[in-house]
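Structure data follow from entry-v5.json (JSON, C-alpha atoms):
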```json
[["chain", "number", "residue", "atom", "x", "y", "z"],
["Q", 1, "MET", "CA", 99.67, 106.71, 70.80],
["Q", 2, "THR", "CA", 100.76, 109.31, 73.34],
["Q", 3, "PRO", "CA", 102.87, 108.35, 76.40],
["Q", 4, "ASP", "CA", 99.81, 108.74, 78.65],
["Q", 5, "GLU", "CA", 97.75, 106.49, 76.40],
["Q", 6, "TYR", "CA", 100.56, 103.92, 76.28],
["Q", 7, "LEU", "CA", 100.80, 103.96, 80.08],
["Q", 8, "ALA", "CA", 97.03, 103.51, 80.34],
["Q", 9, "ALA", "CA", 97.20, 100.60, 77.89],
["Q", 10, "GLU", "CA", 100.00, 98.90, 79.84],
["Q", 11, "LEU", "CA", 98.14, 99.47, 83.10],
["Q", 12, "GLY", "CA", 94.98, 98.03, 81.62],
["Q", 13, "SER", "CA", 96.85, 94.94, 80.42],
["Q", 14, "GLY", "CA", 98.32, 94.41, 83.88],
["Q", 15, "ILE", "CA", 94.94, 94.77, 85.56],
["Q", 16, "ALA", "CA", 93.35, 92.40, 83.05],
["Q", 17, "ALA", "CA", 96.00, 89.76, 83.81],
["Q", 18, "LEU", "CA", 95.58, 90.25, 87.55],
["Q", 19, "ALA", "CA", 91.78, 90.13, 87.30],
["Q", 20, "LYS", "CA", 91.97, 86.48, 86.26],
["Q", 21, "SER", "CA", 93.34, 85.69, 89.74],
["Q", 22, "TRP", "CA", 90.88, 87.85, 91.69],
["Q", 23, "LYS", "CA", 89.84, 84.86, 93.81],
["Q", 24, "TRP", "CA", 93.39, 84.45, 95.10],
["Q", 25, "VAL", "CA", 93.59, 88.16, 95.89],
["Q", 26, "PHE", "CA", 90.29, 87.95, 97.74],
["Q", 27, "ALA", "CA", 91.48, 84.82, 99.59],
["Q", 28, "VAL", "CA", 94.62, 86.61, 100.76],
["Q", 29, "GLY", "CA", 92.42, 89.41, 102.09],
["Q", 30, "VAL", "CA", 90.28, 86.91, 103.99],
["Q", 31, "VAL", "CA", 93.33, 85.22, 105.52],
["Q", 32, "LEU", "CA", 94.94, 88.51, 106.57],
["Q", 33, "THR", "CA", 91.69, 89.81, 108.06],
["Q", 34, "LEU", "CA", 91.15, 86.61, 110.03],
["Q", 35, "CYS", "CA", 94.75, 86.67, 111.25],
["Q", 36, "GLY", "CA", 94.29, 90.27, 112.36],
["Q", 37, "ALA", "CA", 91.11, 89.38, 114.21],
["Q", 38, "VAL", "CA", 92.88, 86.49, 115.95],
["Q", 39, "ALA", "CA", 95.79, 88.78, 116.84],
["Q", 40, "LEU", "CA", 93.41, 91.32, 118.38],
["Q", 41, "GLY", "CA", 91.76, 88.52, 120.36],
["Q", 42, "LEU", "CA", 95.12, 87.18, 121.55],
["Q", 43, "VAL", "CA", 97.16, 90.36, 121.95],
["Q", 44, "VAL", "CA", 99.77, 88.85, 124.25],
["Q", 45, "ALA", "CA", 100.51, 86.02, 121.83],
["Q", 46, "ALA", "CA", 100.52, 88.53, 118.96],
["Q", 47, "THR", "CA", 103.00, 90.69, 120.89],
["Q", 48, "LEU", "CA", 105.32, 87.72, 121.30],
["Q", 49, "ALA", "CA", 104.92, 86.91, 117.61],
["Q", 50, "SER", "CA", 105.88, 90.50, 116.73],
["Q", 51, "VAL", "CA", 108.94, 90.31, 118.99],
["Q", 52, "PHE", "CA", 110.05, 86.97, 117.54],
["Q", 53, "MET", "CA", 109.61, 88.42, 114.04],
["Q", 54, "VAL", "CA", 111.89, 91.32, 114.90],
["Q", 55, "GLY", "CA", 114.43, 88.93, 116.41],
["Q", 56, "ALA", "CA", 114.38, 86.72, 113.33],
["Q", 57, "MET", "CA", 114.89, 89.72, 111.04],
["Q", 58, "MET", "CA", 117.83, 90.90, 113.16],
["Q", 59, "MET", "CA", 119.44, 87.45, 112.99],
["Q", 60, "ILE", "CA", 118.93, 87.30, 109.21],
["Q", 61, "ALA", "CA", 120.44, 90.78, 108.86],
["Q", 62, "GLY", "CA", 123.38, 89.80, 111.05],
["Q", 63, "VAL", "CA", 124.16, 86.64, 109.11],
["Q", 64, "SER", "CA", 123.84, 88.59, 105.86],
["Q", 65, "GLU", "CA", 126.37, 91.16, 107.13],
["Q", 66, "ILE", "CA", 128.85, 88.40, 108.01],
["Q", 67, "VAL", "CA", 128.40, 86.66, 104.66],
["Q", 68, "HIS", "CA", 128.83, 90.01, 102.90],
["Q", 69, "ALA", "CA", 132.08, 90.60, 104.80],
["Q", 70, "PHE", "CA", 133.58, 87.31, 103.54],
["Q", 71, "ALA", "CA", 132.26, 87.98, 100.02],
["Q", 72, "VAL", "CA", 133.78, 91.48, 99.76],
["Q", 73, "ARG", "CA", 137.15, 90.48, 101.27],
["Q", 74, "GLU", "CA", 138.21, 94.10, 101.82],
["Q", 75, "TRP", "CA", 140.33, 93.81, 104.97],
["Q", 76, "SER", "CA", 139.91, 97.50, 105.73],
["Q", 77, "ARG", "CA", 136.17, 96.92, 106.22],
["Q", 78, "PHE", "CA", 136.10, 93.20, 106.89],
["Q", 79, "PHE", "CA", 136.23, 93.42, 110.67],
["Q", 80, "LEU", "CA", 133.66, 96.23, 110.68],
["Q", 81, "TRP", "CA", 131.17, 94.13, 108.69],
["Q", 82, "VAL", "CA", 131.83, 91.10, 110.88],
["Q", 83, "ALA", "CA", 131.39, 93.16, 114.07],
["Q", 84, "LEU", "CA", 128.11, 94.64, 112.86],
["Q", 85, "GLY", "CA", 126.85, 91.24, 111.78],
["Q", 86, "THR", "CA", 127.81, 89.69, 115.10],
["Q", 87, "LEU", "CA", 126.03, 92.44, 117.04],
["Q", 88, "TYR", "CA", 122.87, 92.02, 114.96],
["Q", 89, "THR", "CA", 122.97, 88.25, 115.41],
["Q", 90, "LEU", "CA", 123.53, 88.45, 119.17],
["Q", 91, "ALA", "CA", 120.73, 91.00, 119.50],
["Q", 92, "GLY", "CA", 118.39, 88.67, 117.61],
["Q", 93, "LEU", "CA", 119.37, 85.78, 119.87],
["Q", 94, "ALA", "CA", 118.75, 87.97, 122.93],
["Q", 95, "VAL", "CA", 115.22, 88.61, 121.68],
["Q", 96, "PHE", "CA", 114.51, 84.87, 121.64],
["Q", 97, "VAL", "CA", 116.16, 84.32, 125.02],
["Q", 98, "ASN", "CA", 114.25, 87.12, 126.76],
["Q", 99, "PRO", "CA", 111.21, 88.12, 124.65],
["Q", 100, "GLY", "CA", 109.60, 89.98, 127.57],
["Q", 101, "LEU", "CA", 112.52, 92.39, 127.88],
["Q", 102, "ALA", "CA", 112.62, 92.82, 124.11],
["Q", 103, "ALA", "CA", 108.90, 93.63, 124.05],
["Q", 104, "GLY", "CA", 109.44, 96.22, 126.76],
["Q", 105, "VAL", "CA", 112.27, 97.89, 124.86],
["Q", 106, "LEU", "CA", 110.38, 97.89, 121.56],
["Q", 107, "THR", "CA", 107.24, 99.28, 123.23],
["Q", 108, "LEU", "CA", 109.27, 102.03, 124.90],
["Q", 109, "LEU", "CA", 110.85, 102.98, 121.59],
["Q", 110, "LEU", "CA", 107.43, 102.91, 119.91],
["Q", 111, "GLY", "CA", 105.89, 105.21, 122.51],
["Q", 112, "ALA", "CA", 108.81, 107.64, 122.35],
["Q", 113, "GLY", "CA", 108.69, 107.61, 118.55],
["Q", 114, "LEU", "CA", 104.96, 108.39, 118.53],
["Q", 115, "VAL", "CA", 105.45, 111.30, 120.93],
["Q", 116, "ALA", "CA", 108.30, 112.72, 118.84],
["Q", 117, "SER", "CA", 106.34, 112.28, 115.60],
["Q", 118, "GLY", "CA", 103.24, 113.92, 117.07],
["Q", 119, "ILE", "CA", 105.17, 116.91, 118.39],
["Q", 120, "LEU", "CA", 106.84, 117.40, 115.01],
["Q", 121, "ARG", "CA", 103.43, 117.39, 113.30],
["Q", 122, "ILE", "CA", 102.09, 119.98, 115.75],
["Q", 123, "VAL", "CA", 105.13, 122.21, 115.14],
["Q", 124, "LEU", "CA", 104.68, 121.77, 111.39],
["Q", 125, "ALA", "CA", 101.01, 122.70, 111.66],
["Q", 126, "ALA", "CA", 101.89, 125.83, 113.64],
["Q", 127, "GLU", "CA", 104.27, 126.92, 110.86],
["Q", 128, "MET", "CA", 101.69, 126.37, 108.09],
["Q", 129, "ARG", "CA", 98.68, 128.04, 109.68],
["Q", 130, "GLU", "CA", 98.07, 130.02, 106.51],
["Q", 131, "GLY", "CA", 97.22, 126.78, 104.68],
["Q", 132, "LYS", "CA", 93.84, 125.10, 104.69],
["Q", 133, "ALA", "CA", 94.92, 121.73, 106.06],
["Q", 134, "TRP", "CA", 96.93, 122.89, 109.07],
["Q", 135, "GLY", "CA", 94.10, 122.04, 111.46],
["Q", 136, "TRP", "CA", 94.00, 118.41, 110.36],
["Q", 137, "VAL", "CA", 97.77, 118.15, 110.63],
["Q", 138, "ALA", "CA", 97.64, 119.58, 114.15],
["Q", 139, "LEU", "CA", 94.82, 117.21, 115.12],
["Q", 140, "SER", "CA", 96.69, 114.17, 113.81],
["Q", 141, "GLY", "CA", 99.81, 115.32, 115.66],
["Q", 142, "LEU", "CA", 97.83, 115.74, 118.89],
["Q", 143, "ILE", "CA", 96.27, 112.28, 118.58],
["Q", 144, "THR", "CA", 99.66, 110.68, 117.85],
["Q", 145, "THR", "CA", 101.23, 112.47, 120.81],
["Q", 146, "LEU", "CA", 98.45, 111.40, 123.18],
["Q", 147, "LEU", "CA", 98.73, 107.81, 121.98],
["Q", 148, "GLY", "CA", 102.47, 107.82, 122.61],
["Q", 149, "VAL", "CA", 102.00, 109.39, 126.06],
["Q", 150, "MET", "CA", 99.40, 106.75, 126.97],
["Q", 151, "ILE", "CA", 101.80, 103.98, 125.97],
["Q", 152, "LEU", "CA", 104.65, 105.53, 127.98],
["Q", 153, "PHE", "CA", 102.52, 106.16, 131.07],
["Q", 154, "GLN", "CA", 101.35, 102.54, 131.11],
["Q", 155, "TRP", "CA", 104.83, 101.14, 130.45],
["Q", 156, "PRO", "CA", 106.05, 98.47, 131.18],
["Q", 157, "GLU", "CA", 102.55, 96.94, 131.51],
["Q", 158, "SER", "CA", 101.70, 98.23, 128.02],
["Q", 159, "SER", "CA", 104.49, 96.10, 126.55],
["Q", 160, "LEU", "CA", 102.26, 93.05, 127.00],
["Q", 161, "TYR", "CA", 99.64, 94.15, 124.50],
["Q", 162, "VAL", "CA", 100.64, 97.27, 122.52],
["Q", 163, "LEU", "CA", 102.70, 95.50, 119.86],
["Q", 164, "GLY", "CA", 100.01, 92.84, 119.49],
["Q", 165, "ILE", "CA", 97.32, 95.48, 119.00],
["Q", 166, "PHE", "CA", 99.41, 97.26, 116.36],
["Q", 167, "LEU", "CA", 100.06, 93.96, 114.58],
["Q", 168, "GLY", "CA", 96.37, 93.01, 114.67],
["Q", 169, "VAL", "CA", 95.19, 96.40, 113.39],
["Q", 170, "ASP", "CA", 97.81, 96.35, 110.63],
["Q", 171, "LEU", "CA", 96.74, 92.87, 109.52],
["Q", 172, "VAL", "CA", 93.05, 93.81, 109.55],
["Q", 173, "PHE", "CA", 93.59, 96.93, 107.43],
["Q", 174, "ALA", "CA", 95.90, 95.07, 105.07],
["Q", 175, "GLY", "CA", 93.29, 92.32, 104.73],
["Q", 176, "LEU", "CA", 90.52, 94.83, 104.04],
["Q", 177, "GLY", "CA", 92.71, 96.40, 101.38],
["Q", 178, "TRP", "CA", 93.20, 93.04, 99.66],
["Q", 179, "LEU", "CA", 89.48, 92.29, 99.95],
["Q", 180, "THR", "CA", 88.62, 95.60, 98.32],
["Q", 181, "MET", "CA", 91.13, 94.97, 95.56],
["Q", 182, "GLY", "CA", 89.73, 91.47, 95.00],
["Q", 183, "LEU", "CA", 86.16, 92.76, 94.67],
["Q", 184, "ALA", "CA", 87.31, 95.49, 92.27],
["Q", 185, "LEU", "CA", 89.16, 92.93, 90.15],
["Q", 186, "ARG", "CA", 86.07, 90.72, 90.19],
["Q", 187, "LYS", "CA", 84.01, 93.57, 88.69],
["Q", 188, "PHE", "CA", 86.77, 94.14, 86.15],
["Q", 189, "ALA", "CA", 86.79, 90.47, 85.18],
["Q", 190, "ALA", "CA", 83.00, 90.48, 84.86],
["Q", 191, "GLY", "CA", 83.15, 93.43, 82.46],
["Q", 192, "ASP", "CA", 81.50, 95.94, 84.79],
["Q", 193, "VAL", "CA", 84.57, 98.20, 84.58],
["Q", 194, "VAL", "CA", 85.92, 99.54, 81.27],
["Q", 195, "ALA", "CA", 89.55, 98.61, 80.80],
["Q", 196, "PRO", "CA", 92.03, 101.44, 80.09],
["Q", 197, "VAL", "CA", 93.66, 99.22, 77.46],
["Q", 198, "SER", "CA", 90.53, 99.34, 75.31],
["Q", 199, "ARG", "CA", 90.56, 103.14, 75.28],
["Q", 200, "GLY", "CA", 94.27, 103.20, 74.42],
["Q", 201, "LYS", "CA", 93.84, 100.82, 71.48],
["Q", 202, "THR", "CA", 90.84, 102.75, 70.18],
["Q", 203, "ASP", "CA", 92.67, 106.08, 70.22],
["Q", 204, "ALA", "CA", 95.85, 104.68, 68.68]]
```
Re-express the file's structure as structure tokens.
Amino acid sequence: MTPDEYLAAELGSGIAALAKSWKWVFAVGVVLTLCGAVALGLVVAATLASVFMVGAMMMIAGVSEIVHAFAVREWSRFFLWVALGTLYTLAGLAVFVNPGLAAGVLTLLLGAGLVASGILRIVLAAEMREGKAWGWVALSGLITTLLGVMILFQWPESSLYVLGIFLGVDLVFAGLGWLTMGLALRKFAAGDVVAPVSRGKTDA
């Protein structure tokens, strides 16, 4: 069996094992899609949820840094690790104390990041005009730049809903991806799709 055939056989075995749980995969897709729809319907609450999630992650990172400092016990870096962990933890606590301010800062950074990313794509497209896909790259850069400009022009009012919209859209697309995977696994489990493992074993 060649390496490609072995890889196909292993992939087929993994898909076959996962296909037995296609209902759970489909259920995850349903839950994520519904959560995304709820987030898009309640964008302000979704924005606060996004902010609290960021704050929680910062606190977890800060505590991890402090624990790492005591675990390493290198005095040359001990105080640096403790200082970084303390700053992360305090920043996470500040998010919970004033989520509105945190949402404003995160939205401002998001808008600025989109503008910078869009401009870089436009510059990249201008340098690759001899290629076939430069127009699509330029268009995507223009759309990203305009989106970032819209967020910045409507700031700080946009901080009430932008993060919630992004969270809702992300959840919806993630849910649709899981739903698609679940339906594909269902066809695989029903025998409508030929497993790569069968081809690998036949050719071996």
Could you name the residues that touch Tyr88 in chain Q at 9 Å or less, counting only C-alpha atoms, but leaving out those on the same chain fewer than 4 positions away, as a VMD selection string?
chain Q and resid 58 to 63 65 83 to 84 92 to 93
Selection: 8 Å around Ala103 in chain Q, all atoms listed in the file, excl. self and same-chain fewer than 4 positions, as a list of chain:residue names
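So, after excluding close chain neighbours, the residues are Q:Thr47, Q:Leu48, Q:Val51, Q:Pro99, Q:Thr107, Q:Ser159, Q:Leu160, Q:Leu163.
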Which of these residues is nearest to Gly113 in chain Q, using all atoms listed in the file: Q:Ile165, Q:Val28, Q:Val137, Q:Leu152?
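Looking only at the distances to Gly113 in chain Q, the closest residue turns out to be Q:Leu152.
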For a test of reading the model, state the distance in Å between CA of Trp178 in chain Q and CA of Ser50 in chain Q, rounded to one decimal.
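CA of Trp178 in chain Q sits 21.4 Å away from CA of Ser50 in chain Q.
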In terms of the shortest atom-to-atom distance over all atoms listed in the file, which of Q:Met128, Q:Ala39, Q:Leu108, Q:Val123 is closest to Ser158 in chain Q?
Q:Leu108
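Going from CA of Trp136 in chain Q over to CA of Met150 in chain Q, you cover 21.0 Å.
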How many Å separate CA of Pro156 in chain Q from CA of Gly104 in chain Q?
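Here the two named atoms are 6.0 Å from each other.
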Go through Q:Val67, Q:Ala49, Q:Val162, Q:Leu114 one by one, measure the shortest atom-to-atom distance of each to Thr145 in chain Q using all atoms listed in the file, and give the residue with the smallest value.
Q:Leu114
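Counting all atoms listed in the file and comparing Q:Phe166, Q:Phe26, Q:Phe52, Q:Phe153, the residue that lies closest to Gly100 in chain Q is Q:Phe52.
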Near-Thr144 in chain Q list (8 Å; all atoms listed in the file; drop same-chain fewer than 5 positions) as number ranges by chain:
Q: 114-115, 117-118
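With all atoms listed in the file as the atoms that count, the minimum distance from Val149 in chain Q to the choices Q:Ala116, Q:Val30, Q:Leu167, Q:Leu87 is reached by Q:Ala116.
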Choose the residue, out of Q:Trp155, Q:Trp134, Q:Trp81, Q:Trp22, that has the smallest atom-to-atom separation from Ala189 in chain Q; count all atoms listed in the file.
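Smallest separation from Ala189 in chain Q among the options: Q:Trp22.
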Supply range 170-192 of chain Q as a short mmCIF file (atom, residue, chain, number, x, y, z; two decimals), in the coordinates of the input, with N, CA and C atoms built in where the input has gaps.
```
data_model
loop_
_atom_site.label_atom_id
_atom_site.label_comp_id
_atom_site.auth_asym_id
_atom_site.auth_seq_id
_atom_site.Cartn_x
_atom_site.Cartn_y
_atom_site.Cartn_z
N ASP Q 170 97.14 96.31 111.93
CA ASP Q 170 97.81 96.35 110.63
C ASP Q 170 97.34 95.21 109.74
N LEU Q 171 97.20 94.01 110.31
CA LEU Q 171 96.74 92.87 109.52
C LEU Q 171 95.30 93.06 109.05
N VAL Q 172 94.45 93.60 109.92
CA VAL Q 172 93.05 93.81 109.55
C VAL Q 172 92.95 94.80 108.39
N PHE Q 173 93.66 95.93 108.49
CA PHE Q 173 93.59 96.93 107.43
C PHE Q 173 94.21 96.42 106.14
N ALA Q 174 95.31 95.65 106.27
CA ALA Q 174 95.90 95.07 105.07
C ALA Q 174 94.93 94.08 104.43
N GLY Q 175 94.27 93.28 105.25
CA GLY Q 175 93.29 92.32 104.73
C GLY Q 175 92.12 93.01 104.05
N LEU Q 176 91.61 94.09 104.66
CA LEU Q 176 90.52 94.83 104.04
C LEU Q 176 90.94 95.44 102.71
N GLY Q 177 92.21 95.86 102.64
CA GLY Q 177 92.71 96.40 101.38
C GLY Q 177 92.73 95.34 100.29
N TRP Q 178 93.19 94.14 100.64
CA TRP Q 178 93.20 93.04 99.66
C TRP Q 178 91.78 92.63 99.29
N LEU Q 179 90.87 92.62 100.25
CA LEU Q 179 89.48 92.29 99.95
C LEU Q 179 88.87 93.29 98.97
N THR Q 180 89.13 94.56 99.22
CA THR Q 180 88.62 95.60 98.32
C THR Q 180 89.19 95.45 96.92
N MET Q 181 90.50 95.17 96.86
CA MET Q 181 91.13 94.97 95.56
C MET Q 181 90.54 93.75 94.85
N GLY Q 182 90.30 92.66 95.60
CA GLY Q 182 89.73 91.47 95.00
C GLY Q 182 88.35 91.71 94.44
N LEU Q 183 87.50 92.45 95.16
CA LEU Q 183 86.16 92.76 94.67
C LEU Q 183 86.23 93.66 93.44
N ALA Q 184 87.16 94.62 93.45
CA ALA Q 184 87.31 95.49 92.27
C ALA Q 184 87.76 94.69 91.05
N LEU Q 185 88.70 93.76 91.25
CA LEU Q 185 89.16 92.93 90.15
C LEU Q 185 88.06 92.01 89.66
N ARG Q 186 87.19 91.57 90.58
CA ARG Q 186 86.07 90.72 90.19
C ARG Q 186 85.13 91.49 89.25
N LYS Q 187 84.85 92.75 89.57
CA LYS Q 187 84.01 93.57 88.69
C LYS Q 187 84.69 93.78 87.34
N PHE Q 188 86.01 93.96 87.39
CA PHE Q 188 86.77 94.14 86.15
C PHE Q 188 86.70 92.89 85.28
N ALA Q 189 86.84 91.72 85.92
CA ALA Q 189 86.79 90.47 85.18
C ALA Q 189 85.40 90.20 84.61
N ALA Q 190 84.37 90.68 85.33
CA ALA Q 190 83.00 90.48 84.86
C ALA Q 190 82.60 91.47 83.78
N GLY Q 191 83.45 92.46 83.49
CA GLY Q 191 83.15 93.43 82.46
C GLY Q 191 82.37 94.64 82.94
N ASP Q 192 82.23 94.79 84.27
CA ASP Q 192 81.50 95.94 84.79
C ASP Q 192 82.33 97.22 84.77
#
```
